[in-house]
$ cat my_file07.pdb   # PDB, C-alpha atoms
ATOM      1  CA  MET A   1      -5.834 243.883  -6.154
ATOM      2  CA  PRO A   2      -3.621 246.652  -7.426
ATOM      3  CA  VAL A   3      -0.491 245.360  -9.158
ATOM      4  CA  LYS A   4       2.764 246.999  -8.120
ATOM      5  CA  PRO A   5       4.918 248.092 -10.990
ATOM      6  CA  VAL A   6       8.154 246.039 -11.400
ATOM      7  CA  PRO A   7      11.355 248.109 -11.706
ATOM      8  CA  LEU A   8      12.789 248.070 -15.167
ATOM      9  CA  GLY A   9      16.276 247.410 -13.755
ATOM     10  CA  PHE A  10      15.129 244.064 -12.304
ATOM     11  CA  VAL A  11      13.593 242.972 -15.594
ATOM     12  CA  PHE A  12      16.548 243.875 -17.741
ATOM     13  CA  ARG A  13      19.301 242.827 -15.264
ATOM     14  CA  SER A  14      22.060 240.705 -16.768
ATOM     15  CA  ARG A  15      21.545 237.075 -15.697
ATOM     16  CA  ALA A  16      25.053 236.203 -16.825
ATOM     17  CA  LYS A  17      26.523 238.397 -14.080
ATOM     18  CA  GLU A  18      24.377 236.650 -11.446
ATOM     19  CA  GLU A  19      25.540 233.229 -12.590
ATOM     20  CA  LYS A  20      29.198 234.334 -12.491
ATOM     21  CA  ALA A  21      28.820 235.733  -8.974
ATOM     22  CA  GLN A  22      27.178 232.533  -7.707
ATOM     23  CA  THR A  23      29.889 230.399  -9.307
ATOM     24  CA  ALA A  24      32.639 232.508  -7.688
ATOM     25  CA  ASP A  25      30.983 232.197  -4.250
ATOM     26  CA  LYS A  26      30.756 228.419  -4.575
ATOM     27  CA  ALA A  27      34.381 228.188  -5.657
ATOM     28  CA  GLN A  28      35.530 230.165  -2.613
ATOM     29  CA  VAL A  29      33.534 227.915  -0.280
ATOM     30  CA  THR A  30      34.964 224.783  -1.923
ATOM     31  CA  LEU A  31      38.564 226.045  -1.692
ATOM     32  CA  SER A  32      38.126 226.987   1.945
ATOM     33  CA  LYS A  33      36.905 223.455   2.792
ATOM     34  CA  GLN A  34      39.821 221.686   1.067
ATOM     35  CA  THR A  35      42.606 220.357   3.286
ATOM     36  CA  ARG A  36      45.840 222.279   2.884
ATOM     37  CA  ASP A  37      48.796 220.348   1.574
ATOM     38  CA  PRO A  38      51.281 219.935   4.457
ATOM     39  CA  GLN A  39      54.162 220.340   2.001
ATOM     40  CA  ALA A  40      52.853 223.675   0.792
ATOM     41  CA  PRO A  41      54.653 226.777   2.082
ATOM     42  CA  LYS A  42      51.609 227.987   3.992
ATOM     43  CA  GLY A  43      51.042 224.514   5.476
ATOM     44  CA  ARG A  44      54.337 224.510   7.349
ATOM     45  CA  PRO A  45      54.748 226.175  10.739
ATOM     46  CA  THR A  46      56.087 229.686  10.619
ATOM     47  CA  PRO A  47      59.895 229.520  11.126
ATOM     48  CA  LYS A  48      61.538 231.379  13.960
ATOM     49  CA  ARG A  49      63.133 234.716  13.256
ATOM     50  CA  SER A  50      66.673 233.384  13.820
ATOM     51  CA  GLU A  51      66.029 230.444  11.474
ATOM     52  CA  ALA A  52      64.627 232.735   8.818
ATOM     53  CA  GLN A  53      67.628 235.050   9.109
ATOM     54  CA  SER A  54      70.077 232.146   8.849
ATOM     55  CA  GLN A  55      68.239 230.810   5.792
ATOM     56  CA  ARG A  56      68.317 234.225   4.133
ATOM     57  CA  ARG A  57      72.011 234.574   5.014
ATOM     58  CA  SER A  58      72.872 231.168   3.544
ATOM     59  CA  VAL A  59      70.924 231.950   0.380
ATOM     60  CA  ALA A  60      72.617 235.336   0.088
ATOM     61  CA  GLN A  61      76.070 233.797   0.550
ATOM     62  CA  THR A  62      75.527 231.015  -1.970
ATOM     63  CA  PRO A  63      77.823 231.650  -4.968
ATOM     64  CA  THR A  64      75.970 232.265  -8.217
ATOM     65  CA  ASN A  65      78.794 231.615 -10.659
ATOM     66  CA  ARG A  66      82.212 230.009 -10.877
ATOM     67  CA  LYS A  67      84.099 233.204 -10.097
ATOM     68  CA  ASP A  68      82.142 233.761  -6.884
ATOM     69  CA  ALA A  69      82.616 230.111  -5.917
ATOM     70  CA  VAL A  70      86.401 230.346  -6.340
ATOM     71  CA  ARG A  71      86.503 233.593  -4.370
ATOM     72  CA  ARG A  72      84.388 232.034  -1.615
ATOM     73  CA  GLN A  73      86.683 228.987  -1.417
ATOM     74  CA  ARG A  74      89.727 231.253  -1.198
ATOM     75  CA  GLU A  75      88.152 233.260   1.633
ATOM     76  CA  ASP A  76      87.167 230.090   3.503
ATOM     77  CA  ARG A  77      90.686 228.726   3.114
ATOM     78  CA  ARG A  78      92.163 232.000   4.383
ATOM     79  CA  GLU A  79      89.856 231.976   7.413
ATOM     80  CA  ALA A  80      90.708 228.330   8.146
ATOM     81  CA  MET A  81      94.428 229.094   7.996
ATOM     82  CA  ALA A  82      93.985 232.060  10.338
ATOM     83  CA  ARG A  83      92.079 229.901  12.835
ATOM     84  CA  GLN A  84      94.774 227.234  12.548
ATOM     85  CA  ARG A  85      97.583 229.715  13.253
ATOM     86  CA  GLN A  86      95.715 231.015  16.274
ATOM     87  CA  ALA A  87      95.112 227.462  17.496
ATOM     88  CA  LEU A  88      98.818 226.619  17.138
ATOM     89  CA  ALA A  89      99.619 229.584  19.365
ATOM     90  CA  SER A  90      96.882 228.955  21.943
ATOM     91  CA  GLY A  91      96.604 225.155  21.810
ATOM     92  CA  ASP A  92      92.913 225.169  20.900
ATOM     93  CA  GLU A  93      92.156 221.558  19.938
ATOM     94  CA  ARG A  94      89.234 222.474  17.667
ATOM     95  CA  TYR A  95      91.304 224.091  14.917
ATOM     96  CA  LEU A  96      94.626 222.271  15.200
ATOM     97  CA  PRO A  97      95.957 220.389  12.157
ATOM     98  CA  ALA A  98      95.067 216.706  11.978
ATOM     99  CA  ARG A  99      98.592 215.617  12.940
ATOM    100  CA  ASP A 100      98.358 217.568  16.250
ATOM    101  CA  LYS A 101      94.819 216.615  17.287
ATOM    102  CA  GLY A 102      93.796 214.141  19.925
ATOM    103  CA  PRO A 103      94.645 213.416  23.559
ATOM    104  CA  VAL A 104      97.529 211.109  22.595
ATOM    105  CA  ARG A 105      99.364 213.785  20.618
ATOM    106  CA  LYS A 106      98.620 216.355  23.306
ATOM    107  CA  PHE A 107     100.161 214.114  25.967
ATOM    108  CA  ALA A 108     103.203 213.450  23.761
ATOM    109  CA  ARG A 109     103.756 217.191  23.335
ATOM    110  CA  ALA A 110     103.395 217.822  27.050
ATOM    111  CA  TRP A 111     105.813 214.998  27.868
ATOM    112  CA  VAL A 112     108.477 216.422  25.568
ATOM    113  CA  ASP A 113     107.946 220.009  26.727
ATOM    114  CA  SER A 114     108.223 219.075  30.400
ATOM    115  CA  ARG A 115     111.837 217.882  30.133
ATOM    116  CA  PHE A 116     115.187 218.909  28.703
ATOM    117  CA  ASN A 117     116.168 217.229  25.443
ATOM    118  CA  VAL A 118     119.674 217.100  24.020
ATOM    119  CA  ALA A 119     118.342 217.431  20.489
ATOM    120  CA  GLU A 120     116.784 220.843  21.151
ATOM    121  CA  PHE A 121     120.274 222.300  21.668
ATOM    122  CA  PHE A 122     121.550 220.891  18.396
ATOM    123  CA  LEU A 123     121.289 224.140  16.411
ATOM    124  CA  PRO A 124     123.211 226.315  18.906
ATOM    125  CA  LEU A 125     125.842 223.609  19.317
ATOM    126  CA  ALA A 126     126.094 223.201  15.556
ATOM    127  CA  VAL A 127     126.801 226.912  15.155
ATOM    128  CA  VAL A 128     129.541 226.767  17.810
ATOM    129  CA  ILE A 129     131.107 223.676  16.257
ATOM    130  CA  LEU A 130     130.974 225.221  12.783
ATOM    131  CA  VAL A 131     132.776 228.330  14.012
ATOM    132  CA  LEU A 132     135.451 226.202  15.693
ATOM    133  CA  SER A 133     135.947 224.145  12.562
ATOM    134  CA  VAL A 134     136.605 227.291  10.517
ATOM    135  CA  VAL A 135     139.531 228.312  12.713
ATOM    136  CA  ARG A 136     142.757 227.246  11.016
ATOM    137  CA  VAL A 137     144.262 225.632  14.055
ATOM    138  CA  PRO A 138     144.588 221.842  13.873
ATOM    139  CA  SER A 139     143.961 221.297  17.584
ATOM    140  CA  ILE A 140     140.766 223.393  17.545
ATOM    141  CA  GLN A 141     139.560 221.650  14.404
ATOM    142  CA  ASN A 142     140.127 218.300  16.097
ATOM    143  CA  ILE A 143     138.086 219.490  19.090
ATOM    144  CA  ALA A 144     135.301 220.589  16.748
ATOM    145  CA  LEU A 145     135.263 217.161  15.093
ATOM    146  CA  LEU A 146     135.168 215.457  18.466
ATOM    147  CA  LEU A 147     132.293 217.689  19.571
ATOM    148  CA  TRP A 148     130.366 216.679  16.444
ATOM    149  CA  LEU A 149     130.698 213.027  17.372
ATOM    150  CA  VAL A 150     129.796 213.639  21.019
ATOM    151  CA  VAL A 151     126.691 215.667  20.144
ATOM    152  CA  ILE A 152     125.464 213.080  17.633
ATOM    153  CA  VAL A 153     125.973 210.211  20.088
ATOM    154  CA  LEU A 154     124.186 212.107  22.866
ATOM    155  CA  ILE A 155     121.252 212.916  20.601
ATOM    156  CA  VAL A 156     120.882 209.284  19.523
ATOM    157  CA  LEU A 157     121.083 207.983  23.103
ATOM    158  CA  ASP A 158     118.669 210.604  24.415
ATOM    159  CA  ALA A 159     116.206 209.860  21.609
ATOM    160  CA  ALA A 160     116.373 206.117  22.299
ATOM    161  CA  VAL A 161     115.794 206.541  26.030
ATOM    162  CA  SER A 162     113.046 209.136  25.500
ATOM    163  CA  GLY A 163     111.268 206.953  22.947
ATOM    164  CA  PHE A 164     111.331 203.951  25.265
ATOM    165  CA  ARG A 165     110.034 205.901  28.253
ATOM    166  CA  LEU A 166     107.353 207.706  26.266
ATOM    167  CA  ARG A 167     106.102 204.474  24.695
ATOM    168  CA  LYS A 168     105.751 202.993  28.171
ATOM    169  CA  ARG A 169     103.863 206.033  29.465
ATOM    170  CA  LEU A 170     101.527 206.005  26.484
ATOM    171  CA  LYS A 171     100.623 202.365  27.081
ATOM    172  CA  GLU A 172      99.872 203.146  30.710
ATOM    173  CA  ARG A 173      97.913 206.304  29.980
ATOM    174  CA  PHE A 174      96.063 205.188  26.849
ATOM    175  CA  PRO A 175      95.801 201.386  26.962
ATOM    176  CA  ASP A 176      92.765 201.210  24.658
ATOM    177  CA  GLN A 177      93.706 203.897  22.134
ATOM    178  CA  ASN A 178      95.840 203.849  19.026
ATOM    179  CA  THR A 179      99.203 205.430  19.861
ATOM    180  CA  ARG A 180     100.878 204.680  16.558
ATOM    181  CA  GLY A 181     103.134 207.497  15.392
ATOM    182  CA  ALA A 182     103.017 209.364  18.700
ATOM    183  CA  VAL A 183     106.623 208.508  19.651
ATOM    184  CA  ALA A 184     108.018 209.653  16.300
ATOM    185  CA  TYR A 185     105.869 212.774  16.582
ATOM    186  CA  ALA A 186     107.350 213.539  20.011
ATOM    187  CA  LEU A 187     110.935 212.897  18.886
ATOM    188  CA  MET A 188     110.529 215.247  15.930
ATOM    189  CA  ARG A 189     109.220 217.875  18.341
ATOM    190  CA  SER A 190     112.238 217.368  20.610
ATOM    191  CA  LEU A 191     114.528 218.388  17.731
ATOM    192  CA  GLN A 192     113.046 221.888  17.768
ATOM    193  CA  MET A 193     113.999 224.640  20.184
ATOM    194  CA  ARG A 194     111.344 225.105  22.840
ATOM    195  CA  ARG A 195     110.415 228.661  21.848
ATOM    196  CA  LEU A 196     109.980 227.632  18.204
ATOM    197  CA  ARG A 197     107.709 224.654  18.811
ATOM    198  CA  LEU A 198     104.193 224.633  17.405
ATOM    199  CA  PRO A 199     101.713 224.178  18.985
ATOM    200  CA  LYS A 200     103.171 226.297  21.752
ATOM    201  CA  PRO A 201     104.194 224.413  24.919
ATOM    202  CA  GLN A 202     101.407 224.312  27.490
ATOM    203  CA  VAL A 203     103.466 222.961  30.408
ATOM    204  CA  LYS A 204     106.588 224.163  32.186
ATOM    205  CA  ARG A 205     109.839 222.245  32.444
ATOM    206  CA  GLY A 206     109.711 219.751  35.277
ATOM    207  CA  GLU A 207     105.909 219.808  35.386
ATOM    208  CA  ARG A 208     104.358 216.345  35.255
ATOM    209  CA  PRO A 209     102.026 216.024  32.200
TER     210      PRO A 209
END
$ encode --input "my_file07.pdb" --output "structure tokens"
Amino acid sequence: MPVKPVPLGFVFRSRAKEEKAQTADKAQVTLSKQTRDPQAPKGRPTPKRSEAQSQRRSVAQTPTNRKDAVRRQREDRREAMARQRQALASGDERYLPARDKGPVRKFARAWVDSRFNVAEFFLPLAVVILVLSVVRVPSIQNIALLLWLVVIVLIVLDAAVSGFRLRKRLKERFPDQNTRGAVAYALMRSLQMRRLRLPKPQVKRGERP
């Protein structure tokens, strides 16, 4: 039988290259059959777009040095103060200071704002009495001194009655909650003029809280 000539390229082909190619194929098959580590980045489910954006935003906003950290704290503090001022004007419970938060303090504020208090007129009366006391007329000065005594007595009596009534209302309204400090908080609020009170009054005079 006639013998077919063998190509010279087949005879002199590099066997090392064949072995490398076979080894690479086997390695790819082995890696493809291995179970992926669930903790690996590719093993986790693809995050949603909103989650990815929030993660990138938090990473971008993370301070890299002490100067950036101080600046970030100052900005956060400024934003918190702005939210607090707005809450004091609108009565938003979420951003109020700790001393003004809670249903007990809110009720105490509403109770004070719904009525007239002698103490809230102290500043105007004090100005009038001070002017009268400056006049160099003995009778007028005596009247000014008497007015001082009358105003102080009225403020003390009104505070005592208001504190007693408010304490009773708090026990009826919040029997299972801690109302400690609410009466003193309300009395301190009653010393301020209505238009200057913070948080701003949310009820009208005469309106039942």
$ atom_distance --input "my_file07.pdb" --atom1 "CA of Arg197 (chain A)" --atom2 "CA of Val151 (chain A)"
21.0 Å
$ closest_residue --input "my_file07.pdb" --among "A:Trp148, A:Arg205, A:Asn117, A:Leu187" --to "Leu166 (chain A)" --atoms "all atoms listed in the file"
A:Leu187
$ atom_distance --input "my_file07.pdb" --atom1 "CA of Gln202 (chain A)" --atom2 "CA of Val183 (chain A)"
18.4 Å
$ resolve_selection --input "my_file07.pdb" --expression "the PyMOL selection byres ((chain A and resi 112) around 9)" --output "NGL selection string"
:A and (107-111 or 113-117 or 162 or 166 or 186-187 or 189-190)
$ atom_distance --input "my_file07.pdb" --atom1 "CA of Leu157 (chain A)" --atom2 "CA of Thr179 (chain A)"
22.3 Å
$ resolve_selection --input "my_file07.pdb" --expression "the PyMOL selection byres ((chain A and resi 101) around 12)" --output "list in words"
Gln84, Ala87, Leu88, Gly91, Asp92, Glu93, Arg94, Tyr95, Leu96, Pro97, Ala98, Arg99, Asp100, Gly102, Pro103, Val104, Arg105, Lys106, Phe107, Ala108, Arg109, Ala182, Tyr185 and Pro199 of chain A
$ residues_around --input "my_file07.pdb" --residues "Ala126 (chain A)" --least-positions-apart "3" --cutoff "12 Å" --atoms "all atoms listed in the file" --output "list in words"
Ala119, Glu120, Phe121, Phe122, Leu123, Ile129, Leu130, Val131, Leu132, Ser133, Ala144, Leu145, Leu147, Trp148, Leu149, Val150, Val151 and Ile152 of chain A
$ closest_residue --input "my_file07.pdb" --among "A:Gln141, A:Val118, A:Asp176, A:Pro209" --to "Arg194 (chain A)" --atoms "only C-alpha atoms"
A:Val118
$ build_atoms --input "my_file07.pdb" --residues "region 178-203 of chain A" --atoms "N, CA, C and O atoms" --output "PDB file, keeping the file's coordinate frame"
ATOM      1  N   ASN A 178      94.763 204.035  19.988  1.00  0.00           N
ATOM      2  CA  ASN A 178      95.840 203.849  19.026  1.00  0.00           C
ATOM      3  C   ASN A 178      96.906 204.925  19.237  1.00  0.00           C
ATOM      4  O   ASN A 178      96.645 206.109  19.080  1.00  0.00           O
ATOM      5  N   THR A 179      98.098 204.496  19.607  1.00  0.00           N
ATOM      6  CA  THR A 179      99.203 205.430  19.861  1.00  0.00           C
ATOM      7  C   THR A 179     100.258 205.377  18.764  1.00  0.00           C
ATOM      8  O   THR A 179     101.377 205.859  18.959  1.00  0.00           O
ATOM      9  N   ARG A 180      99.904 204.827  17.639  1.00  0.00           N
ATOM     10  CA  ARG A 180     100.878 204.680  16.558  1.00  0.00           C
ATOM     11  C   ARG A 180     101.306 206.059  16.040  1.00  0.00           C
ATOM     12  O   ARG A 180     100.483 206.920  15.760  1.00  0.00           O
ATOM     13  N   GLY A 181     102.589 206.243  15.906  1.00  0.00           N
ATOM     14  CA  GLY A 181     103.134 207.497  15.392  1.00  0.00           C
ATOM     15  C   GLY A 181     103.355 208.560  16.442  1.00  0.00           C
ATOM     16  O   GLY A 181     103.972 209.599  16.151  1.00  0.00           O
ATOM     17  N   ALA A 182     102.886 208.336  17.660  1.00  0.00           N
ATOM     18  CA  ALA A 182     103.017 209.364  18.700  1.00  0.00           C
ATOM     19  C   ALA A 182     104.464 209.525  19.145  1.00  0.00           C
ATOM     20  O   ALA A 182     104.911 210.640  19.432  1.00  0.00           O
ATOM     21  N   VAL A 183     105.231 208.427  19.213  1.00  0.00           N
ATOM     22  CA  VAL A 183     106.623 208.508  19.651  1.00  0.00           C
ATOM     23  C   VAL A 183     107.460 209.260  18.625  1.00  0.00           C
ATOM     24  O   VAL A 183     108.263 210.142  18.977  1.00  0.00           O
ATOM     25  N   ALA A 184     107.286 208.930  17.356  1.00  0.00           N
ATOM     26  CA  ALA A 184     108.018 209.653  16.300  1.00  0.00           C
ATOM     27  C   ALA A 184     107.625 211.124  16.279  1.00  0.00           C
ATOM     28  O   ALA A 184     108.472 212.006  16.075  1.00  0.00           O
ATOM     29  N   TYR A 185     106.346 211.387  16.514  1.00  0.00           N
ATOM     30  CA  TYR A 185     105.869 212.774  16.582  1.00  0.00           C
ATOM     31  C   TYR A 185     106.557 213.533  17.714  1.00  0.00           C
ATOM     32  O   TYR A 185     106.988 214.687  17.550  1.00  0.00           O
ATOM     33  N   ALA A 186     106.700 212.894  18.869  1.00  0.00           N
ATOM     34  CA  ALA A 186     107.350 213.539  20.011  1.00  0.00           C
ATOM     35  C   ALA A 186     108.840 213.746  19.763  1.00  0.00           C
ATOM     36  O   ALA A 186     109.407 214.789  20.122  1.00  0.00           O
ATOM     37  N   LEU A 187     109.504 212.762  19.148  1.00  0.00           N
ATOM     38  CA  LEU A 187     110.935 212.897  18.886  1.00  0.00           C
ATOM     39  C   LEU A 187     111.213 214.011  17.878  1.00  0.00           C
ATOM     40  O   LEU A 187     112.209 214.741  18.006  1.00  0.00           O
ATOM     41  N   MET A 188     110.364 214.149  16.879  1.00  0.00           N
ATOM     42  CA  MET A 188     110.529 215.247  15.930  1.00  0.00           C
ATOM     43  C   MET A 188     110.330 216.591  16.622  1.00  0.00           C
ATOM     44  O   MET A 188     111.015 217.573  16.316  1.00  0.00           O
ATOM     45  N   ARG A 189     109.433 216.637  17.595  1.00  0.00           N
ATOM     46  CA  ARG A 189     109.220 217.875  18.341  1.00  0.00           C
ATOM     47  C   ARG A 189     110.427 218.195  19.218  1.00  0.00           C
ATOM     48  O   ARG A 189     110.772 219.370  19.414  1.00  0.00           O
ATOM     49  N   SER A 190     111.082 217.150  19.743  1.00  0.00           N
ATOM     50  CA  SER A 190     112.238 217.368  20.610  1.00  0.00           C
ATOM     51  C   SER A 190     113.427 217.943  19.846  1.00  0.00           C
ATOM     52  O   SER A 190     114.343 218.493  20.461  1.00  0.00           O
ATOM     53  N   LEU A 191     113.443 217.820  18.528  1.00  0.00           N
ATOM     54  CA  LEU A 191     114.528 218.388  17.731  1.00  0.00           C
ATOM     55  C   LEU A 191     114.430 219.906  17.613  1.00  0.00           C
ATOM     56  O   LEU A 191     115.401 220.558  17.242  1.00  0.00           O
ATOM     57  N   GLN A 192     113.257 220.457  17.903  1.00  0.00           N
ATOM     58  CA  GLN A 192     113.046 221.888  17.768  1.00  0.00           C
ATOM     59  C   GLN A 192     113.356 222.595  19.085  1.00  0.00           C
ATOM     60  O   GLN A 192     113.154 222.036  20.166  1.00  0.00           O
ATOM     61  N   MET A 193     113.806 223.834  18.983  1.00  0.00           N
ATOM     62  CA  MET A 193     113.999 224.640  20.184  1.00  0.00           C
ATOM     63  C   MET A 193     112.646 224.923  20.823  1.00  0.00           C
ATOM     64  O   MET A 193     111.635 225.071  20.123  1.00  0.00           O
ATOM     65  N   ARG A 194     112.610 224.999  22.117  1.00  0.00           N
ATOM     66  CA  ARG A 194     111.344 225.105  22.840  1.00  0.00           C
ATOM     67  C   ARG A 194     110.519 226.308  22.390  1.00  0.00           C
ATOM     68  O   ARG A 194     109.311 226.211  22.195  1.00  0.00           O
ATOM     69  N   ARG A 195     111.155 227.447  22.198  1.00  0.00           N
ATOM     70  CA  ARG A 195     110.415 228.661  21.848  1.00  0.00           C
ATOM     71  C   ARG A 195     109.889 228.641  20.414  1.00  0.00           C
ATOM     72  O   ARG A 195     109.040 229.450  20.060  1.00  0.00           O
ATOM     73  N   LEU A 196     110.404 227.723  19.602  1.00  0.00           N
ATOM     74  CA  LEU A 196     109.980 227.632  18.204  1.00  0.00           C
ATOM     75  C   LEU A 196     108.981 226.514  17.961  1.00  0.00           C
ATOM     76  O   LEU A 196     108.552 226.315  16.818  1.00  0.00           O
ATOM     77  N   ARG A 197     108.612 225.797  18.992  1.00  0.00           N
ATOM     78  CA  ARG A 197     107.709 224.654  18.811  1.00  0.00           C
ATOM     79  C   ARG A 197     106.273 225.113  18.576  1.00  0.00           C
ATOM     80  O   ARG A 197     105.804 226.058  19.211  1.00  0.00           O
ATOM     81  N   LEU A 198     105.608 224.410  17.682  1.00  0.00           N
ATOM     82  CA  LEU A 198     104.193 224.633  17.405  1.00  0.00           C
ATOM     83  C   LEU A 198     103.482 223.286  17.411  1.00  0.00           C
ATOM     84  O   LEU A 198     103.961 222.348  16.772  1.00  0.00           O
ATOM     85  N   PRO A 199     102.345 223.198  18.103  1.00  0.00           N
ATOM     86  CA  PRO A 199     101.713 224.178  18.985  1.00  0.00           C
ATOM     87  C   PRO A 199     102.623 224.585  20.154  1.00  0.00           C
ATOM     88  O   PRO A 199     103.492 223.829  20.550  1.00  0.00           O
ATOM     89  N   LYS A 200     102.354 225.762  20.676  1.00  0.00           N
ATOM     90  CA  LYS A 200     103.171 226.297  21.752  1.00  0.00           C
ATOM     91  C   LYS A 200     103.101 225.379  22.979  1.00  0.00           C
ATOM     92  O   LYS A 200     102.053 224.802  23.281  1.00  0.00           O
ATOM     93  N   PRO A 201     104.214 225.238  23.707  1.00  0.00           N
ATOM     94  CA  PRO A 201     104.194 224.413  24.919  1.00  0.00           C
ATOM     95  C   PRO A 201     103.168 224.920  25.927  1.00  0.00           C
ATOM     96  O   PRO A 201     103.070 226.121  26.175  1.00  0.00           O
ATOM     97  N   GLN A 202     102.434 223.980  26.512  1.00  0.00           N
ATOM     98  CA  GLN A 202     101.407 224.312  27.490  1.00  0.00           C
ATOM     99  C   GLN A 202     101.812 223.942  28.914  1.00  0.00           C
ATOM    100  O   GLN A 202     101.052 224.190  29.847  1.00  0.00           O
ATOM    101  N   VAL A 203     102.987 223.339  29.078  1.00  0.00           N
ATOM    102  CA  VAL A 203     103.466 222.961  30.408  1.00  0.00           C
ATOM    103  C   VAL A 203     104.873 223.531  30.597  1.00  0.00           C
ATOM    104  O   VAL A 203     105.580 223.823  29.627  1.00  0.00           O
TER     105      VAL A 203
END
